[in-house]
>>> print(open('target.txt').read())   # compact mmCIF, C-alpha atoms
# COMPACT_ATOMS: atom_id res chain seq x y z
CA MET W 1 -36.72 -4.87 -21.66
CA VAL W 2 -32.91 -4.50 -21.68
CA SER W 3 -32.99 -1.68 -24.23
CA HIS W 4 -35.58 0.13 -22.10
CA LEU W 5 -33.31 -0.24 -19.06
CA LEU W 6 -30.21 1.03 -20.84
CA SER W 7 -32.04 3.94 -22.49
CA GLN W 8 -32.83 5.54 -19.14
CA SER W 9 -30.52 7.99 -17.43
CA GLY W 10 -28.74 6.82 -14.29
CA PHE W 11 -28.00 3.21 -15.19
CA SER W 12 -25.00 1.78 -17.05
CA PHE W 13 -22.78 -1.27 -16.88
CA ASP W 14 -19.91 0.96 -15.77
CA ARG W 15 -21.96 2.25 -12.82
CA LEU W 16 -23.02 -1.28 -11.90
CA ALA W 17 -19.47 -2.66 -12.18
CA ASN W 18 -18.09 0.09 -9.95
CA PHE W 19 -20.85 -0.46 -7.41
CA CYS W 20 -20.10 -4.20 -7.33
CA ALA W 21 -16.42 -3.39 -6.70
CA VAL W 22 -17.38 -1.06 -3.83
CA ALA W 23 -19.73 -3.70 -2.37
CA ASP W 24 -16.93 -6.28 -2.47
CA ALA W 25 -14.36 -3.94 -0.91
CA GLY W 26 -16.75 -2.23 1.51
CA SER W 27 -15.18 1.12 0.71
CA ILE W 28 -15.14 3.62 -2.14
CA ALA W 29 -11.67 4.82 -1.10
CA VAL W 30 -10.21 1.30 -1.37
CA VAL W 31 -11.55 0.83 -4.90
CA ALA W 32 -10.48 4.35 -5.96
CA LYS W 33 -6.95 3.66 -4.64
CA GLY W 34 -6.44 7.18 -3.37
CA ASP W 35 -7.59 8.87 -6.57
CA ALA W 36 -9.85 11.71 -5.35
CA SER W 37 -11.47 12.30 -8.74
CA ARG W 38 -12.29 8.60 -9.14
CA GLN W 39 -13.65 8.48 -5.59
CA SER W 40 -15.91 11.43 -6.41
CA LEU W 41 -17.03 9.70 -9.64
CA MET W 42 -17.95 6.49 -7.81
CA SER W 43 -19.86 8.35 -5.13
CA ARG W 44 -21.86 10.11 -7.82
CA GLN W 45 -22.47 6.86 -9.71
CA ILE W 46 -23.85 5.20 -6.58
CA ARG W 47 -26.20 8.15 -5.98
CA GLU W 48 -27.34 7.87 -9.60
CA LEU W 49 -28.02 4.15 -9.21
CA GLU W 50 -29.97 4.87 -6.01
CA SER W 51 -32.03 7.46 -7.85
CA PHE W 52 -32.57 5.09 -10.79
CA PHE W 53 -33.77 2.16 -8.67
CA GLY W 54 -35.42 4.29 -6.00
CA VAL W 55 -33.71 2.50 -3.10
CA GLU W 56 -30.87 3.17 -0.68
CA LEU W 57 -27.84 1.08 -1.70
CA VAL W 58 -25.31 2.27 0.90
CA ARG W 59 -25.38 4.12 4.18
CA ARG W 60 -22.69 5.77 6.24
CA LYS W 61 -21.26 3.77 9.13
CA GLY W 62 -18.58 5.64 11.02
CA ARG W 63 -15.93 6.59 8.50
CA GLY W 64 -16.92 3.82 6.13
CA LEU W 65 -19.90 2.49 4.24
CA GLU W 66 -22.45 -0.20 4.96
CA ILE W 67 -24.13 -1.96 2.04
CA THR W 68 -27.89 -2.15 2.58
CA GLU W 69 -29.98 -5.25 1.92
CA ALA W 70 -31.10 -3.72 -1.39
CA GLY W 71 -27.47 -2.96 -2.19
CA ARG W 72 -26.37 -6.53 -1.48
CA GLU W 73 -29.13 -7.83 -3.76
CA LEU W 74 -28.10 -5.51 -6.60
CA ALA W 75 -24.43 -6.41 -6.13
CA ALA W 76 -25.31 -10.13 -6.26
CA ILE W 77 -27.24 -9.66 -9.51
CA GLY W 78 -24.45 -7.63 -11.05
CA ARG W 79 -21.69 -9.94 -9.82
CA GLN W 80 -23.35 -13.05 -11.20
CA ASN W 81 -24.08 -11.49 -14.59
CA PHE W 82 -20.57 -10.08 -14.94
CA ASN W 83 -19.14 -13.49 -14.01
CA GLY W 84 -21.33 -15.08 -16.67
CA LEU W 85 -20.03 -12.66 -19.30
CA ALA W 86 -16.45 -13.29 -18.17
CA ASP W 87 -17.00 -17.06 -18.48
CA TYR W 88 -18.44 -16.65 -21.96
CA ALA W 89 -15.56 -14.43 -23.10
CA ALA W 90 -12.99 -16.88 -21.72
CA ARG W 91 -14.57 -19.86 -23.47
CA CYS W 92 -14.90 -17.96 -26.77
CA ARG W 93 -11.17 -17.19 -26.63
CA GLY W 94 -10.21 -20.73 -25.65
CA ARG W 95 -9.17 -19.70 -22.15
CA GLU W 96 -9.94 -21.14 -18.73
CA TRP W 97 -12.89 -19.78 -16.81
CA THR W 98 -12.75 -19.45 -13.04
CA VAL W 99 -14.78 -21.24 -10.37
CA ARG W 100 -14.64 -19.98 -6.79
CA ILE W 101 -15.29 -22.67 -4.17
CA VAL W 102 -15.49 -22.07 -0.42
CA ALA W 103 -15.19 -24.65 2.35
CA SER W 104 -13.85 -25.00 5.86
CA ASN W 105 -10.14 -25.76 6.09
CA SER W 106 -10.77 -29.35 7.15
CA ILE W 107 -13.29 -30.08 4.38
CA ALA W 108 -10.97 -28.52 1.81
CA GLN W 109 -7.96 -30.45 3.08
CA TRP W 110 -9.51 -33.88 3.66
CA LEU W 111 -12.37 -34.03 1.14
CA LEU W 112 -12.20 -31.40 -1.61
CA LEU W 113 -8.51 -31.27 -2.52
CA PRO W 114 -7.93 -35.06 -2.64
CA ARG W 115 -10.80 -35.40 -5.13
CA LEU W 116 -10.34 -32.18 -7.09
CA LYS W 117 -8.15 -33.80 -9.74
CA ALA W 118 -11.09 -35.93 -10.91
CA VAL W 119 -13.29 -32.82 -11.08
CA ALA W 120 -10.64 -30.98 -13.10
CA GLU W 121 -10.23 -33.88 -15.52
CA ALA W 122 -13.98 -33.77 -16.25
CA ASN W 123 -13.91 -29.97 -16.67
CA LEU W 124 -10.70 -29.27 -18.57
CA ASP W 125 -11.38 -25.58 -19.19
CA VAL W 126 -11.82 -24.65 -15.51
CA LYS W 127 -9.43 -22.84 -13.17
CA PHE W 128 -10.23 -23.28 -9.47
CA GLU W 129 -9.96 -20.81 -6.63
CA ILE W 130 -10.41 -22.32 -3.15
CA PHE W 131 -11.34 -20.13 -0.17
CA HIS W 132 -12.08 -20.79 3.47
CA GLU W 133 -14.48 -18.86 5.70
CA GLN W 134 -16.62 -19.31 8.77
CA THR W 135 -19.98 -20.96 8.05
CA ARG W 136 -22.03 -17.76 8.14
CA GLU W 137 -19.70 -16.02 5.69
CA MET W 138 -19.67 -19.07 3.38
CA VAL W 139 -23.46 -19.08 3.19
CA ALA W 140 -23.78 -15.31 2.73
CA GLY W 141 -20.99 -15.17 0.16
CA THR W 142 -22.51 -17.97 -1.91
CA ARG W 143 -26.00 -16.47 -1.79
CA GLU W 144 -24.59 -13.10 -2.92
CA GLY W 145 -22.48 -14.57 -5.74
CA THR W 146 -19.02 -14.05 -4.25
CA TYR W 147 -18.55 -17.84 -4.35
CA ASP W 148 -19.91 -20.24 -6.96
CA ALA W 149 -20.23 -23.27 -4.68
CA ALA W 150 -19.91 -23.93 -0.97
CA PHE W 151 -19.44 -27.00 1.21
CA VAL W 152 -21.63 -26.31 4.24
CA ARG W 153 -23.61 -28.06 6.95
CA LYS W 154 -27.24 -28.66 6.01
CA ASP W 155 -28.48 -26.88 9.12
CA SER W 156 -26.76 -23.66 7.97
CA LEU W 157 -28.62 -23.36 4.66
CA VAL W 158 -30.84 -20.33 4.04
CA PRO W 159 -33.56 -19.49 1.50
CA GLY W 160 -32.14 -18.60 -1.91
CA LEU W 161 -29.69 -21.49 -2.03
CA LYS W 162 -30.05 -24.80 -3.83
CA HIS W 163 -28.18 -27.75 -2.42
CA ALA W 164 -27.26 -31.38 -2.86
CA VAL W 165 -26.64 -33.66 0.13
CA LEU W 166 -23.17 -35.20 -0.05
CA GLY W 167 -23.49 -37.42 3.01
CA GLU W 168 -23.00 -37.52 6.77
CA ILE W 169 -19.73 -36.90 8.57
CA GLY W 170 -19.21 -38.30 12.03
CA HIS W 171 -16.64 -37.42 14.70
CA SER W 172 -14.29 -39.61 16.67
CA LEU W 173 -11.84 -39.23 19.51
CA PHE W 174 -8.40 -40.15 18.15
CA ILE W 175 -5.82 -41.14 20.78
CA PRO W 176 -2.19 -41.95 19.91
CA VAL W 177 -1.12 -45.31 21.34
CA SER W 178 2.02 -43.56 22.60
CA ILE W 179 -0.02 -41.72 25.26
CA ALA W 180 -2.54 -44.50 26.04
CA LYS W 181 -1.40 -48.10 25.64
CA LYS W 182 -4.91 -49.45 26.14
CA ALA W 183 -8.07 -48.03 24.63
CA PRO W 184 -10.14 -46.17 27.27
CA LYS W 185 -13.54 -47.68 28.08
CA SER W 186 -15.33 -44.55 26.87
CA ALA W 187 -14.63 -41.17 25.30
CA GLY W 188 -15.76 -39.50 28.53
CA ASP W 189 -13.15 -41.41 30.53
CA ALA W 190 -10.45 -40.58 27.99
CA LEU W 191 -11.16 -36.84 28.07
CA ALA W 192 -10.18 -36.71 31.72
CA THR W 193 -7.09 -38.91 31.48
CA VAL W 194 -5.20 -38.08 28.26
CA PRO W 195 -3.68 -34.79 27.09
CA MET W 196 -6.05 -33.15 24.60
CA ALA W 197 -5.85 -30.77 21.67
CA LEU W 198 -9.13 -28.86 21.81
CA PRO W 199 -10.72 -25.93 19.98
CA ILE W 200 -10.26 -22.62 21.77
CA GLY W 201 -14.03 -22.09 21.59
CA GLY W 202 -17.11 -22.85 19.53
CA TRP W 203 -19.76 -25.54 19.37
CA MET W 204 -17.34 -28.48 19.35
CA ARG W 205 -15.54 -27.24 22.47
CA GLU W 206 -18.94 -26.95 24.18
CA LYS W 207 -19.88 -30.50 23.16
CA ILE W 208 -16.58 -31.90 24.45
CA GLU W 209 -16.91 -30.10 27.78
CA LYS W 210 -20.47 -31.41 28.12
CA MET W 211 -19.24 -34.93 27.37
CA ALA W 212 -16.57 -34.65 30.06
CA GLY W 213 -19.16 -33.54 32.59
CA ALA W 214 -17.69 -32.68 35.99
CA ARG W 215 -14.35 -34.26 35.13
CA PRO W 216 -11.64 -31.67 34.36
CA LEU W 217 -10.17 -31.75 30.86
CA ARG W 218 -6.44 -32.08 30.30
CA VAL W 219 -6.02 -29.37 27.68
CA THR W 220 -2.42 -29.49 26.49
CA LEU W 221 -3.06 -27.61 23.25
CA ALA W 222 -5.80 -25.08 22.47
CA CYS W 223 -6.05 -24.53 18.72
CA THR W 224 -8.19 -22.81 16.10
CA SER W 225 -8.57 -25.55 13.49
CA TYR W 226 -9.01 -29.28 13.08
CA LEU W 227 -5.86 -29.30 10.94
CA GLN W 228 -3.78 -28.14 13.90
CA ALA W 229 -5.38 -30.70 16.20
CA ALA W 230 -4.83 -33.48 13.65
CA GLU W 231 -1.14 -32.62 13.44
CA ALA W 232 -0.88 -32.84 17.22
CA VAL W 233 -2.44 -36.33 17.05
CA ARG W 234 -0.17 -37.35 14.20
CA SER W 235 2.91 -36.27 16.15
CA GLY W 236 1.80 -38.26 19.20
CA MET W 237 1.53 -35.16 21.38
CA CYS W 238 -2.21 -35.17 22.11
CA ALA W 239 -5.55 -36.81 21.54
CA ALA W 240 -8.25 -34.85 19.72
CA VAL W 241 -11.85 -35.00 18.57
CA LEU W 242 -11.78 -34.81 14.77
CA PRO W 243 -14.21 -35.34 11.91
CA ASP W 244 -13.87 -38.83 10.46
CA THR W 245 -12.59 -37.33 7.20
CA ALA W 246 -9.32 -36.82 9.11
CA LEU W 247 -8.63 -40.56 8.84
CA SER W 248 -6.93 -40.03 5.50
CA SER W 249 -4.29 -37.84 7.13
CA LEU W 250 -3.70 -40.26 10.01
CA GLN W 251 -3.07 -43.43 8.02
CA GLY W 252 -0.11 -45.37 9.32
CA GLN W 253 -0.43 -43.93 12.82
CA ARG W 254 -1.03 -46.24 15.79
CA LEU W 255 -4.26 -44.88 17.24
CA HIS W 256 -7.26 -45.72 19.33
CA ARG W 257 -10.41 -44.42 17.67
CA LEU W 258 -13.57 -43.94 19.73
CA PRO W 259 -16.56 -42.95 17.50
CA LEU W 260 -18.86 -40.29 18.94
CA ALA W 261 -22.59 -39.80 18.43
CA ASP W 262 -22.23 -36.32 16.91
CA ARG W 263 -22.77 -36.23 13.14
CA PHE W 264 -23.65 -33.57 10.60
CA THR W 265 -24.96 -33.58 7.04
CA LEU W 266 -22.62 -32.00 4.51
CA CYS W 267 -24.12 -30.28 1.47
CA LEU W 268 -22.91 -28.63 -1.70
CA ALA W 269 -24.73 -25.30 -2.06
CA TRP W 270 -25.12 -22.80 -4.91
CA THR W 271 -27.58 -20.16 -6.15
CA PRO W 272 -30.05 -20.89 -8.98
CA ARG W 273 -29.42 -17.41 -10.38
CA ASN W 274 -25.70 -18.09 -10.66
CA VAL W 275 -26.39 -21.24 -12.67
CA ASP W 276 -28.91 -19.39 -14.86
CA THR W 277 -26.38 -16.68 -15.75
CA ARG W 278 -23.42 -19.08 -16.00
CA PRO W 279 -24.55 -22.23 -17.87
CA ALA W 280 -21.06 -23.75 -17.72
CA LEU W 281 -21.55 -24.13 -13.96
CA VAL W 282 -24.23 -26.78 -14.52
CA LYS W 283 -21.70 -29.42 -15.57
CA LEU W 284 -19.20 -28.36 -12.93
CA ILE W 285 -21.72 -28.62 -10.10
CA ALA W 286 -22.91 -31.99 -11.39
CA THR W 287 -19.30 -33.24 -11.31
CA LEU W 288 -18.78 -31.89 -7.78
CA LYS W 289 -21.93 -33.68 -6.59
CA THR W 290 -20.69 -36.96 -8.08
CA GLU W 291 -17.05 -36.77 -6.97
CA MET W 292 -17.60 -35.34 -3.50
CA THR W 293 -20.30 -37.72 -2.33
CA ILE W 294 -19.24 -39.26 0.96
>>> encode(input="target.txt", output="structure tokens")
Amino acid sequence: MVSHLLSQSGFSFDRLANFCAVADAGSIAVVAKGDASRQSLMSRQIRELESFFGVELVRRKGRGLEITEAGRELAAIGRQNFNGLADYAARCRGREWTVRIVASNSIAQWLLLPRLKAVAEANLDVKFEIFHEQTREMVAGTREGTYDAAFVRKDSLVPGLKHAVLGEIGHSLFIPVSIAKKAPKSAGDALATVPMALPIGGWMREKIEKMAGARPLRVTLACTSYLQAAEAVRSGMCAAVLPDTALSSLQGQRLHRLPLADRFTLCLAWTPRNVDTRPALVKLIATLKTEMTI
């Protein structure tokens, strides 16, 4: 089957590799780095791949390119197979192979990084790259092979991903004793009486506002990440609603902690095709499941 594929005009590994690079960058010009002849070559190679497969891989969007659904699928297949070959070459030469993991900043800071040493000790030939994205981009990037594993909420999973449940993460309102000597009777009461570090927007901000009801919030700090809010709590400046994984960063602080009802299920997600083309990932994912269980 492979020999039949390679014997036909219009397909080659060079064409596929260049298309994957364009799909990653979103632009032929970026990949060509200003070289007009190389830009022309890549444009021709993409047209040849489109003719070979009989599908549209890219379409014009303004001055740039948009990768079609068929193009994203081809790029995912190519990306995962090239990564598998790169892994194999690295292991044959006694070098480290690379694993790309994506997670939110707070999960990376409070769950992944503190436990990564144990994962590395069980996988001595692995080099890690840690990324952070919004949930939608984490899911899409993992499904398309940009990332090898993702830490995502269970309710964000889509078809095409395998997953393992790591556990549930709750949220609590953390209040420094320096701004509230006595623990408030309820989180709702506290929201209206203590200075708060709150997300600028998003689902958590909506939940907090709903919890406060008609009572006005005392928003002293509007921030874009749990890490920023946790630092404000640690300094004694504000109270904040944080995932319970933040406890590790607040040890030694004098705090009131009011648990909230909101919880989510955290999962480790990956694509079956990525594991099929990169057998070394099987052990790595098994170690992540074991070490990252909550």
>>> residues_around(input="target.txt", residues="segment 199-210 of chain W", least_positions_apart="3", cutoff="6 Å", atoms="only C-alpha atoms", output="list in words")
Gly213, Ala222, Cys223 and Thr224 of chain W
>>> residues_around(input="target.txt", residues="Ala32 of chain W", least_positions_apart="3", cutoff="10 Å", atoms="only C-alpha atoms", output="list in words")
Asn18, Ala21, Val22, Ser27, Ile28, Ala29, Asp35, Ala36, Ser37, Arg38, Gln39, Ser40, Leu41 and Met42 of chain W
>>> residues_around(input="target.txt", residues="segment 70-76 of chain W", least_positions_apart="2", cutoff="7 Å", atoms="all atoms listed in the file", output="PyMOL selection string")
chain W and resi 20+23+55-58+67-68+78-80+144-145
>>> atom_distance(input="target.txt", atom1="atom CA of Lys33 of chain W", atom2="atom CA of Met138 of chain W")
27.3 Å
>>> closest_residue(input="target.txt", among="W:Ala240, W:Met292, W:Ile77, W:Leu255", to="Lys181 of chain W", atoms="all atoms listed in the file")
W:Leu255
>>> residues_around(input="target.txt", residues="His256 of chain W", least_positions_apart="2", cutoff="12 Å", atoms="all atoms listed in the file", output="compact mmCIF listing (two decimals) with C-alpha atoms, in the frame of the given file")
# COMPACT_ATOMS: atom_id res chain seq x y z
CA SER W 172 -14.29 -39.61 16.67
CA LEU W 173 -11.84 -39.23 19.51
CA PHE W 174 -8.40 -40.15 18.15
CA ILE W 175 -5.82 -41.14 20.78
CA PRO W 176 -2.19 -41.95 19.91
CA VAL W 177 -1.12 -45.31 21.34
CA SER W 178 2.02 -43.56 22.60
CA ILE W 179 -0.02 -41.72 25.26
CA ALA W 180 -2.54 -44.50 26.04
CA LYS W 181 -1.40 -48.10 25.64
CA LYS W 182 -4.91 -49.45 26.14
CA ALA W 183 -8.07 -48.03 24.63
CA PRO W 184 -10.14 -46.17 27.27
CA LYS W 185 -13.54 -47.68 28.08
CA SER W 186 -15.33 -44.55 26.87
CA ALA W 187 -14.63 -41.17 25.30
CA ALA W 190 -10.45 -40.58 27.99
CA VAL W 194 -5.20 -38.08 28.26
CA VAL W 233 -2.44 -36.33 17.05
CA GLY W 236 1.80 -38.26 19.20
CA ALA W 239 -5.55 -36.81 21.54
CA ALA W 240 -8.25 -34.85 19.72
CA VAL W 241 -11.85 -35.00 18.57
CA LEU W 247 -8.63 -40.56 8.84
CA LEU W 250 -3.70 -40.26 10.01
CA GLN W 253 -0.43 -43.93 12.82
CA ARG W 254 -1.03 -46.24 15.79
CA LEU W 258 -13.57 -43.94 19.73
CA PRO W 259 -16.56 -42.95 17.50
>>> residues_near_point(input="target.txt", point="(-24.8, -23.4, -4.5)", cutoff="7 Å", atoms="all atoms listed in the file", output="list in words")
Thr142, Asp148, Ala149, Ala150, Leu161, Lys162, His163, Leu268, Ala269, Trp270 and Thr271 of chain W
>>> write_last_selection(input="target.txt", atoms="C-alpha atoms", output="PDB file, in the frame of the given file")
ATOM      1  CA  THR W 142     -22.510 -17.970  -1.910  1.00  0.00           C
ATOM      2  CA  ASP W 148     -19.910 -20.240  -6.960  1.00  0.00           C
ATOM      3  CA  ALA W 149     -20.230 -23.270  -4.680  1.00  0.00           C
ATOM      4  CA  ALA W 150     -19.910 -23.930  -0.970  1.00  0.00           C
ATOM      5  CA  LEU W 161     -29.690 -21.490  -2.030  1.00  0.00           C
ATOM      6  CA  LYS W 162     -30.050 -24.800  -3.830  1.00  0.00           C
ATOM      7  CA  HIS W 163     -28.180 -27.750  -2.420  1.00  0.00           C
ATOM      8  CA  LEU W 268     -22.910 -28.630  -1.700  1.00  0.00           C
ATOM      9  CA  ALA W 269     -24.730 -25.300  -2.060  1.00  0.00           C
ATOM     10  CA  TRP W 270     -25.120 -22.800  -4.910  1.00  0.00           C
ATOM     11  CA  THR W 271     -27.580 -20.160  -6.150  1.00  0.00           C
TER      12      THR W 271
END
>>> atom_distance(input="target.txt", atom1="atom CA of Val219 of chain W", atom2="atom CA of Cys238 of chain W")
8.9 Å
>>> atom_distance(input="target.txt", atom1="atom CA of Phe52 of chain W", atom2="atom CA of Leu16 of chain W")
11.5 Å
>>> closest_residue(input="target.txt", among="W:Ile46, W:Val31, W:Met196, W:Val158", to="Phe11 of chain W", atoms="only C-alpha atoms")
W:Ile46
>>> closest_residue(input="target.txt", among="W:Leu198, W:Ser9, W:Pro159, W:Arg153", to="Thr220 of chain W", atoms="all atoms listed in the file")
W:Leu198
>>> residues_around(input="target.txt", residues="segment 81-97 of chain W", least_positions_apart="6", cutoff="6 Å", atoms="all atoms listed in the file", output="PyMOL selection string")
chain W and resi 125-127+277-278
>>> decode(input="target.txt", residues="segment 144-231 of chain W", atoms="C-alpha atoms", output="PDB file, in the first residue's frame")
ATOM      1  CA  GLU W 144      -4.609  17.343  15.635  1.00  0.00           C
ATOM      2  CA  GLY W 145      -1.287  16.092  17.027  1.00  0.00           C
ATOM      3  CA  THR W 146       0.268  19.426  17.990  1.00  0.00           C
ATOM      4  CA  TYR W 147       0.349  18.198  21.604  1.00  0.00           C
ATOM      5  CA  ASP W 148       0.917  14.649  22.803  1.00  0.00           C
ATOM      6  CA  ALA W 149      -1.138  14.897  25.998  1.00  0.00           C
ATOM      7  CA  ALA W 150      -3.474  17.436  27.536  1.00  0.00           C
ATOM      8  CA  PHE W 151      -4.886  18.078  30.997  1.00  0.00           C
ATOM      9  CA  VAL W 152      -8.475  19.141  30.338  1.00  0.00           C
ATOM     10  CA  ARG W 153     -11.915  19.167  31.915  1.00  0.00           C
ATOM     11  CA  LYS W 154     -13.972  16.088  31.106  1.00  0.00           C
ATOM     12  CA  ASP W 155     -16.836  18.181  29.761  1.00  0.00           C
ATOM     13  CA  SER W 156     -14.516  19.645  27.095  1.00  0.00           C
ATOM     14  CA  LEU W 157     -13.593  16.315  25.486  1.00  0.00           C
ATOM     15  CA  VAL W 158     -14.531  15.686  21.849  1.00  0.00           C
ATOM     16  CA  PRO W 159     -14.709  12.577  19.634  1.00  0.00           C
ATOM     17  CA  GLY W 160     -11.285  11.388  18.513  1.00  0.00           C
ATOM     18  CA  LEU W 161      -9.666  11.690  21.932  1.00  0.00           C
ATOM     19  CA  LYS W 162      -8.996   8.962  24.464  1.00  0.00           C
ATOM     20  CA  HIS W 163      -8.857   9.968  28.097  1.00  0.00           C
ATOM     21  CA  ALA W 164      -8.209   8.841  31.632  1.00  0.00           C
ATOM     22  CA  VAL W 165      -9.988  10.439  34.589  1.00  0.00           C
ATOM     23  CA  LEU W 166      -7.472  11.839  37.080  1.00  0.00           C
ATOM     24  CA  GLY W 167      -9.979  12.945  39.706  1.00  0.00           C
ATOM     25  CA  GLU W 168     -12.183  15.823  40.789  1.00  0.00           C
ATOM     26  CA  ILE W 169     -10.973  19.303  41.660  1.00  0.00           C
ATOM     27  CA  GLY W 170     -13.062  21.508  43.892  1.00  0.00           C
ATOM     28  CA  HIS W 171     -12.923  25.260  44.496  1.00  0.00           C
ATOM     29  CA  SER W 172     -12.745  27.240  47.705  1.00  0.00           C
ATOM     30  CA  LEU W 173     -12.851  30.853  48.765  1.00  0.00           C
ATOM     31  CA  PHE W 174      -9.504  31.638  50.411  1.00  0.00           C
ATOM     32  CA  ILE W 175      -9.500  34.665  52.726  1.00  0.00           C
ATOM     33  CA  PRO W 176      -6.332  35.948  54.436  1.00  0.00           C
ATOM     34  CA  VAL W 177      -6.813  36.325  58.190  1.00  0.00           C
ATOM     35  CA  SER W 178      -5.231  39.768  57.865  1.00  0.00           C
ATOM     36  CA  ILE W 179      -8.359  41.090  56.107  1.00  0.00           C
ATOM     37  CA  ALA W 180     -10.974  39.061  58.037  1.00  0.00           C
ATOM     38  CA  LYS W 181     -10.186  38.110  61.634  1.00  0.00           C
ATOM     39  CA  LYS W 182     -13.204  35.821  61.864  1.00  0.00           C
ATOM     40  CA  ALA W 183     -14.355  33.383  59.210  1.00  0.00           C
ATOM     41  CA  PRO W 184     -17.495  34.681  57.432  1.00  0.00           C
ATOM     42  CA  LYS W 185     -20.652  32.622  57.912  1.00  0.00           C
ATOM     43  CA  SER W 186     -20.857  31.873  54.188  1.00  0.00           C
ATOM     44  CA  ALA W 187     -18.991  32.479  50.953  1.00  0.00           C
ATOM     45  CA  GLY W 188     -21.857  34.684  49.767  1.00  0.00           C
ATOM     46  CA  ASP W 189     -21.480  36.938  52.806  1.00  0.00           C
ATOM     47  CA  ALA W 190     -17.716  37.120  52.337  1.00  0.00           C
ATOM     48  CA  LEU W 191     -17.961  38.162  48.684  1.00  0.00           C
ATOM     49  CA  ALA W 192     -19.709  41.357  49.695  1.00  0.00           C
ATOM     50  CA  THR W 193     -17.488  42.225  52.649  1.00  0.00           C
ATOM     51  CA  VAL W 194     -13.855  41.434  51.777  1.00  0.00           C
ATOM     52  CA  PRO W 195     -11.659  42.781  48.961  1.00  0.00           C
ATOM     53  CA  MET W 196     -11.554  40.226  46.144  1.00  0.00           C
ATOM     54  CA  ALA W 197      -9.203  39.197  43.365  1.00  0.00           C
ATOM     55  CA  LEU W 198     -11.523  38.037  40.592  1.00  0.00           C
ATOM     56  CA  PRO W 199     -11.178  36.897  36.978  1.00  0.00           C
ATOM     57  CA  ILE W 200     -11.771  39.685  34.473  1.00  0.00           C
ATOM     58  CA  GLY W 201     -14.343  37.479  32.740  1.00  0.00           C
ATOM     59  CA  GLY W 202     -15.253  33.884  31.994  1.00  0.00           C
ATOM     60  CA  TRP W 203     -17.317  31.145  33.590  1.00  0.00           C
ATOM     61  CA  MET W 204     -15.801  31.479  37.069  1.00  0.00           C
ATOM     62  CA  ARG W 205     -16.500  35.220  37.200  1.00  0.00           C
ATOM     63  CA  GLU W 206     -20.110  34.469  36.226  1.00  0.00           C
ATOM     64  CA  LYS W 207     -20.417  31.848  38.973  1.00  0.00           C
ATOM     65  CA  ILE W 208     -19.009  34.213  41.602  1.00  0.00           C
ATOM     66  CA  GLU W 209     -21.354  37.032  40.577  1.00  0.00           C
ATOM     67  CA  LYS W 210     -24.296  34.621  40.723  1.00  0.00           C
ATOM     68  CA  MET W 211     -23.203  33.494  44.192  1.00  0.00           C
ATOM     69  CA  ALA W 212     -23.055  37.103  45.383  1.00  0.00           C
ATOM     70  CA  GLY W 213     -26.570  37.728  44.098  1.00  0.00           C
ATOM     71  CA  ALA W 214     -27.729  41.319  44.532  1.00  0.00           C
ATOM     72  CA  ARG W 215     -24.847  42.143  46.864  1.00  0.00           C
ATOM     73  CA  PRO W 216     -22.121  44.224  45.174  1.00  0.00           C
ATOM     74  CA  LEU W 217     -18.680  42.638  44.928  1.00  0.00           C
ATOM     75  CA  ARG W 218     -15.607  44.386  46.303  1.00  0.00           C
ATOM     76  CA  VAL W 219     -13.287  43.828  43.353  1.00  0.00           C
ATOM     77  CA  THR W 220      -9.867  45.133  44.346  1.00  0.00           C
ATOM     78  CA  LEU W 221      -7.960  43.193  41.690  1.00  0.00           C
ATOM     79  CA  ALA W 222      -9.209  41.951  38.316  1.00  0.00           C
ATOM     80  CA  CYS W 223      -6.798  39.379  36.891  1.00  0.00           C
ATOM     81  CA  THR W 224      -6.426  36.899  34.043  1.00  0.00           C
ATOM     82  CA  SER W 225      -5.177  33.807  35.865  1.00  0.00           C
ATOM     83  CA  TYR W 226      -5.546  31.839  39.063  1.00  0.00           C
ATOM     84  CA  LEU W 227      -1.800  32.247  39.613  1.00  0.00           C
ATOM     85  CA  GLN W 228      -2.186  36.013  39.870  1.00  0.00           C
ATOM     86  CA  ALA W 229      -5.146  35.687  42.231  1.00  0.00           C
ATOM     87  CA  ALA W 230      -3.257  33.174  44.398  1.00  0.00           C
ATOM     88  CA  GLU W 231      -0.345  35.591  44.733  1.00  0.00           C
TER      89      GLU W 231
END
